[in-house]
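Below is one structure, written out as structure tokens, with a few remarks after it.
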Amino acid sequence: MSTRRSFLKCASAASISAPVGMSVAIAADRPEDMPAWDNEADVVVLGYGNAGSNAAIAAADAGAKVLILEKMPHGGGNVSVSSGGFVVPTNKDDYFKFQKALYELSRSEWDKELLDLFCEESLHLGDYVQSLAPEGKIGVYGHAGYQELPGADCVNKMSVRNVPGAKGGDRLFGIFDRAVQAKNIPVIVNCPARTLVRRGNEVIGVEALKDNKPYFVKANKAVVICTGGFQSNPELMARYIYGNPMAYLGSPAHTGDGLLMAQSMGCDLWHMNSVSAPLGVQVPGVQAGIAMVTRQPAFIWVDQDGKRFVNEKKLDYHCSWMSVNNFDAIQHRYPRIPCYMIMDSSYLKAGPIISNGGSGWAINREGYKWSRDNQKEIDSGVIIQAPTIKELAQKLNIKVPEVLESTIARWNSDLRTKGIDTEYGRTMTADPNMKAVFVGRDVKSWSAPIEEGPFYAVKLVPVTYHTMGGPKKSVKAEVLDPYGKPIPRLFVAGELGSTWGLTYQGACANADAMVFGRVAGKYAAQLEPWK
């Protein structure tokens, strides 16, 4: 290799878009059908993010020759633009109870053996990360998002400091990236995998695109799909996720490529209707959405009719999309997509309404900088301004502006006379007995009257960090068919077919990718080469 990083760089990046139609695996059942292999490895990993890097590390540690194919010009995927958090519970039994409750209360499909393995391995994730970065400082940055559930007290969200990287996601992926480098595992970037190569019902390789030409890689033992979800593919989102339109927060490369490849081998699917999605804004000229994290008290959310619909401060950040995912079967519309965040001047005077220190692709990769005084966003129309509530309602195309006026009047009266929102129970301050969901970033003041003009609004839509759905897997991370049998030599890890159902606990996507990436790499490396 010409560089220490062992990156085999192609001449040009391939398109990050992917077709919705079913991928068809290339059959090589006869010797004459076998492709002319351009490269080979024992374990071929598709995707170089959290799951892909950890699968490669585990496979190499088990003695396998490993090759990683990455679609983008660089690795990192969603982990690099995340907060970089992962959950390390204090107690396995309590953690199992907590996660089990999340599945059962949302009526999501779950697997006891998978969850048991995940809970056991999660206990050791801090030690694992520390082993890769002895200089790192691992600490708690938050707790459970659903603290009323059994076992919630055991949830500690951890992050790493004292390692290179400007933000949490860069720091965490940087640890994995340096471990891959140290093991001299080659990574071919700008080289998207397109189609699996099969012999009978077993996977023997993959066709990728390199220099805009087919590139065949022989997988002597197995292929591990770690290509992420499909949140950046509007057609797949419309197919599986109720309540579109949605924007995306994570990598634009997550267009469902691995999903289609796994389907071509007859995989079973689960969690296809599940996503992690806060609400956020879309800025003209910026490809990805930007998540909204509320920092000031003088705000509410209203639907397209000017009515509130939820306790905005009790709603878990990652499940905010559920609050707007409501279809009006009478008027045939989604009255809360988009919805509107209504603020008074005190909110904007306090500083930028969106922090440039947040996570997501728009801020961390596209480089969008929110103005400190919000004026750039007012000028561009992202923030809508009006001298009165009635005029603001008119600018938002609310048919009966008096409805928004009434909504604001009730909000203000409740807080002034009763000290609590009587409509949805939003309190003036946070519960002092509640653990911080984000240590140092949770705000104590939750509610204040909206009365200082001029008044402002921003249009909010669901912005998706990641989808959960994809191939169902075994406790060895083998891709399963609809009868529960492993598809030979095909493994999966990460957001594609993740463990999580409809209700998601923050920082568990990174944990899941770490756990099952390592599981996939370990068991893939143990297979005998095909002949």
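Order determines the names: the first chain of the structure tokens is A, the second B, and so forth; residues in each chain are numbered 1 upward, and ligands are numbered 1 upward as they are shown.
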* To do: Excluding segment 399-415 of chain A and residues on its chain fewer than 2 positions from it, collect all residues at most 10 Å away from it, counting only C-alpha atoms, and give them as a PyMOL selection string.
  => chain A and resi 298-300+302-308+342+388-397+417-423+426-428+447-451
Could you write out the selected residues, including N, CA and C atoms, as a tab-separated table (two decimals), in the first residue's frame?
chain	number	residue	atom	x	y	z
A	298	ALA	N	-39.85	30.47	26.15
A	298	ALA	CA	-41.00	31.14	25.54
A	298	ALA	C	-41.26	30.62	24.13
A	299	PHE	N	-41.79	29.40	24.06
A	299	PHE	CA	-42.10	28.81	22.75
A	299	PHE	C	-43.18	27.74	22.92
A	300	ILE	N	-43.87	27.44	21.85
A	300	ILE	CA	-44.77	26.28	21.74
A	300	ILE	C	-44.70	25.76	20.31
A	302	VAL	N	-47.21	24.40	17.19
A	302	VAL	CA	-48.61	24.34	16.75
A	302	VAL	C	-48.71	23.65	15.40
A	303	ASP	N	-49.89	23.12	15.12
A	303	ASP	CA	-50.12	22.48	13.82
A	303	ASP	C	-50.52	23.52	12.78
A	304	GLN	N	-50.92	23.05	11.61
A	304	GLN	CA	-51.23	23.97	10.51
A	304	GLN	C	-52.52	24.75	10.74
A	305	ASP	N	-53.27	24.38	11.80
A	305	ASP	CA	-54.47	25.12	12.17
A	305	ASP	C	-54.23	26.08	13.34
A	306	GLY	N	-52.99	26.10	13.85
A	306	GLY	CA	-52.65	27.00	14.95
A	306	GLY	C	-52.91	26.42	16.32
A	307	LYS	N	-53.08	25.09	16.42
A	307	LYS	CA	-53.37	24.44	17.69
A	307	LYS	C	-52.16	23.66	18.20
A	308	ARG	N	-51.96	23.69	19.52
A	308	ARG	CA	-50.93	22.84	20.13
A	308	ARG	C	-51.37	21.38	20.07
A	342	ILE	N	-43.51	28.44	17.56
A	342	ILE	CA	-43.84	29.85	17.76
A	342	ILE	C	-43.03	30.38	18.93
A	388	THR	N	-47.31	41.01	15.05
A	388	THR	CA	-48.39	40.51	15.90
A	388	THR	C	-48.59	39.02	15.65
A	389	ILE	N	-49.26	38.36	16.57
A	389	ILE	CA	-49.56	36.94	16.41
A	389	ILE	C	-50.49	36.73	15.21
A	390	LYS	N	-51.46	37.61	15.03
A	390	LYS	CA	-52.39	37.48	13.91
A	390	LYS	C	-51.65	37.55	12.58
A	391	GLU	N	-50.74	38.50	12.45
A	391	GLU	CA	-49.99	38.63	11.20
A	391	GLU	C	-49.04	37.44	11.00
A	392	LEU	N	-48.50	36.91	12.10
A	392	LEU	CA	-47.67	35.72	12.00
A	392	LEU	C	-48.50	34.54	11.49
A	393	ALA	N	-49.70	34.38	12.01
A	393	ALA	CA	-50.59	33.31	11.56
A	393	ALA	C	-50.89	33.46	10.07
A	394	GLN	N	-51.09	34.66	9.62
A	394	GLN	CA	-51.35	34.89	8.20
A	394	GLN	C	-50.16	34.49	7.35
A	395	LYS	N	-48.97	34.81	7.82
A	395	LYS	CA	-47.77	34.42	7.07
A	395	LYS	C	-47.58	32.91	7.03
A	396	LEU	N	-48.10	32.21	8.05
A	396	LEU	CA	-48.00	30.76	8.10
A	396	LEU	C	-49.15	30.08	7.35
A	397	ASN	N	-50.01	30.87	6.74
A	397	ASN	CA	-51.17	30.36	6.01
A	397	ASN	C	-52.14	29.58	6.90
A	417	THR	N	-51.59	32.61	35.60
A	417	THR	CA	-52.56	32.44	36.69
A	417	THR	C	-52.45	31.09	37.40
A	418	LYS	N	-51.97	30.07	36.72
A	418	LYS	CA	-51.95	28.73	37.31
A	418	LYS	C	-50.54	28.16	37.46
A	419	GLY	N	-49.58	28.72	36.75
A	419	GLY	CA	-48.20	28.24	36.85
A	419	GLY	C	-47.97	26.91	36.18
A	420	ILE	N	-48.91	26.49	35.34
A	420	ILE	CA	-48.76	25.23	34.60
A	420	ILE	C	-49.64	25.29	33.36
A	421	ASP	N	-49.21	24.62	32.32
A	421	ASP	CA	-49.98	24.49	31.10
A	421	ASP	C	-51.12	23.49	31.35
A	422	THR	N	-52.35	23.96	31.35
A	422	THR	CA	-53.48	23.07	31.67
A	422	THR	C	-53.87	22.18	30.49
A	423	GLU	N	-53.35	22.48	29.30
A	423	GLU	CA	-53.72	21.69	28.13
A	423	GLU	C	-52.93	20.40	28.05
A	426	ARG	N	-47.41	20.95	30.67
A	426	ARG	CA	-46.02	21.43	30.64
A	426	ARG	C	-45.78	22.35	31.83
A	427	THR	N	-44.79	22.04	32.61
A	427	THR	CA	-44.50	22.78	33.83
A	427	THR	C	-43.59	23.98	33.56
A	428	MET	N	-43.46	24.84	34.54
A	428	MET	CA	-42.62	26.03	34.39
A	428	MET	C	-41.14	25.66	34.38
A	447	SER	N	-40.88	26.80	30.58
A	447	SER	CA	-42.05	27.49	30.04
A	447	SER	C	-42.07	28.95	30.46
A	448	ALA	N	-42.51	29.80	29.52
A	448	ALA	CA	-42.68	31.23	29.80
A	448	ALA	C	-43.71	31.78	28.84
A	449	PRO	N	-44.40	32.85	29.21
A	449	PRO	CA	-45.38	33.45	28.31
A	449	PRO	C	-44.74	33.91	27.00
A	450	ILE	N	-45.54	33.87	25.95
A	450	ILE	CA	-45.11	34.35	24.63
A	450	ILE	C	-45.82	35.69	24.43
A	451	GLU	N	-45.13	36.79	24.76
A	451	GLU	CA	-45.82	38.08	24.78
A	451	GLU	C	-44.97	39.25	24.32
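Summary of the local environment: counting only C-alpha atoms, residues at most 6 Å from Thr429 of chain A, other than itself and those fewer than 2 positions away along its chain, are Thr427, Lys444, Ser445 and Trp446 of chain A.
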* Pick out the closest residue to Asn325 of chain A from this set: A:Ala291, A:Met246, A:Val88, A:Tyr523. Count only C-alpha atoms. => A:Met246
* To do: Would you please work out which residue, of A:Tyr317, A:Trp530, A:Tyr95, A:Trp301, is nearest to Arg336 of chain A when using only C-alpha atoms?
  =>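 Once distances to Arg336 of chain A are computed over only C-alpha atoms, the minimum belongs to A:Trp301.
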* Hey, what does DSSP flag as helix (DSSP H, G or I) within segment 39-202 of chain A? Can you give it to me as an MDAnalysis selection string? -> chainID A and resid 50:61 79:81 92:105 112:122 125:132 152:154 168:182
* Asked: Skipping near chain neighbours, those fewer than 4 positions away, what residues fall within 9 Å of segment 486-493 of chain A using only C-alpha atoms, listed as a PyMOL selection string?
  -> chain A and resi 51-52+55+201-204+219+221-228+258+262+265-267+471-474+476-481+497-498+512-521+523-524+527
List as a tab-separated table every residue of segment 167-254 of chain A that is in contact with segment 133-148 of chain A, defined as an atom at most 10 Å from one of its atoms (using only C-alpha atoms), together with the nearest atom pair and the distance in Å rounded to one decimal, sorted by chain and then rising number.
residue	atom	partner	partner_atom	distance
A:Arg171	CA	A:Gly136	CA	9.6
A:Leu172	CA	A:Ala133	CA	9.7
A:Gly174	CA	A:Ala133	CA	9.8
A:Ile175	CA	A:Ala133	CA	6.4
A:Phe176	CA	A:Ala133	CA	9.0
A:Arg178	CA	A:Ala133	CA	9.2
A:Ala179	CA	A:Ala133	CA	8.8
Emit the selected residues as a JSON list (two decimals), in the first residue's frame, including N, CA, C and O atoms.
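File written: out_4.json
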[["chain", "number", "residue", "atom", "x", "y", "z"],
["A", 171, "ARG", "N", -14.63, 12.04, 17.34],
["A", 171, "ARG", "CA", -13.71, 11.42, 18.29],
["A", 171, "ARG", "C", -13.93, 9.90, 18.36],
["A", 171, "ARG", "O", -12.96, 9.13, 18.36],
["A", 172, "LEU", "N", -15.20, 9.48, 18.41],
["A", 172, "LEU", "CA", -15.46, 8.05, 18.53],
["A", 172, "LEU", "C", -15.05, 7.31, 17.27],
["A", 172, "LEU", "O", -14.35, 6.28, 17.35],
["A", 174, "GLY", "N", -12.90, 8.28, 15.11],
["A", 174, "GLY", "CA", -11.44, 8.37, 15.01],
["A", 174, "GLY", "C", -10.73, 7.25, 15.76],
["A", 174, "GLY", "O", -9.70, 6.74, 15.30],
["A", 175, "ILE", "N", -11.28, 6.85, 16.89],
["A", 175, "ILE", "CA", -10.70, 5.73, 17.66],
["A", 175, "ILE", "C", -10.74, 4.46, 16.84],
["A", 175, "ILE", "O", -9.76, 3.72, 16.73],
["A", 176, "PHE", "N", -11.90, 4.19, 16.22],
["A", 176, "PHE", "CA", -12.04, 2.98, 15.41],
["A", 176, "PHE", "C", -11.17, 3.06, 14.16],
["A", 176, "PHE", "O", -10.55, 2.07, 13.75],
["A", 178, "ARG", "N", -8.36, 4.70, 13.69],
["A", 178, "ARG", "CA", -6.94, 4.49, 14.00],
["A", 178, "ARG", "C", -6.65, 3.02, 14.29],
["A", 178, "ARG", "O", -5.56, 2.52, 13.98],
["A", 179, "ALA", "N", -7.61, 2.31, 14.88],
["A", 179, "ALA", "CA", -7.41, 0.87, 15.13],
["A", 179, "ALA", "C", -7.37, 0.11, 13.81],
["A", 179, "ALA", "O", -6.57, -0.83, 13.65]]
* What gap, in Å, lies between atom CA of Cys319 of chain A and atom CA of Gly501 of chain A? ->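 About the pair atom CA of Cys319 of chain A and atom CA of Gly501 of chain A: they are 11.4 Å apart.
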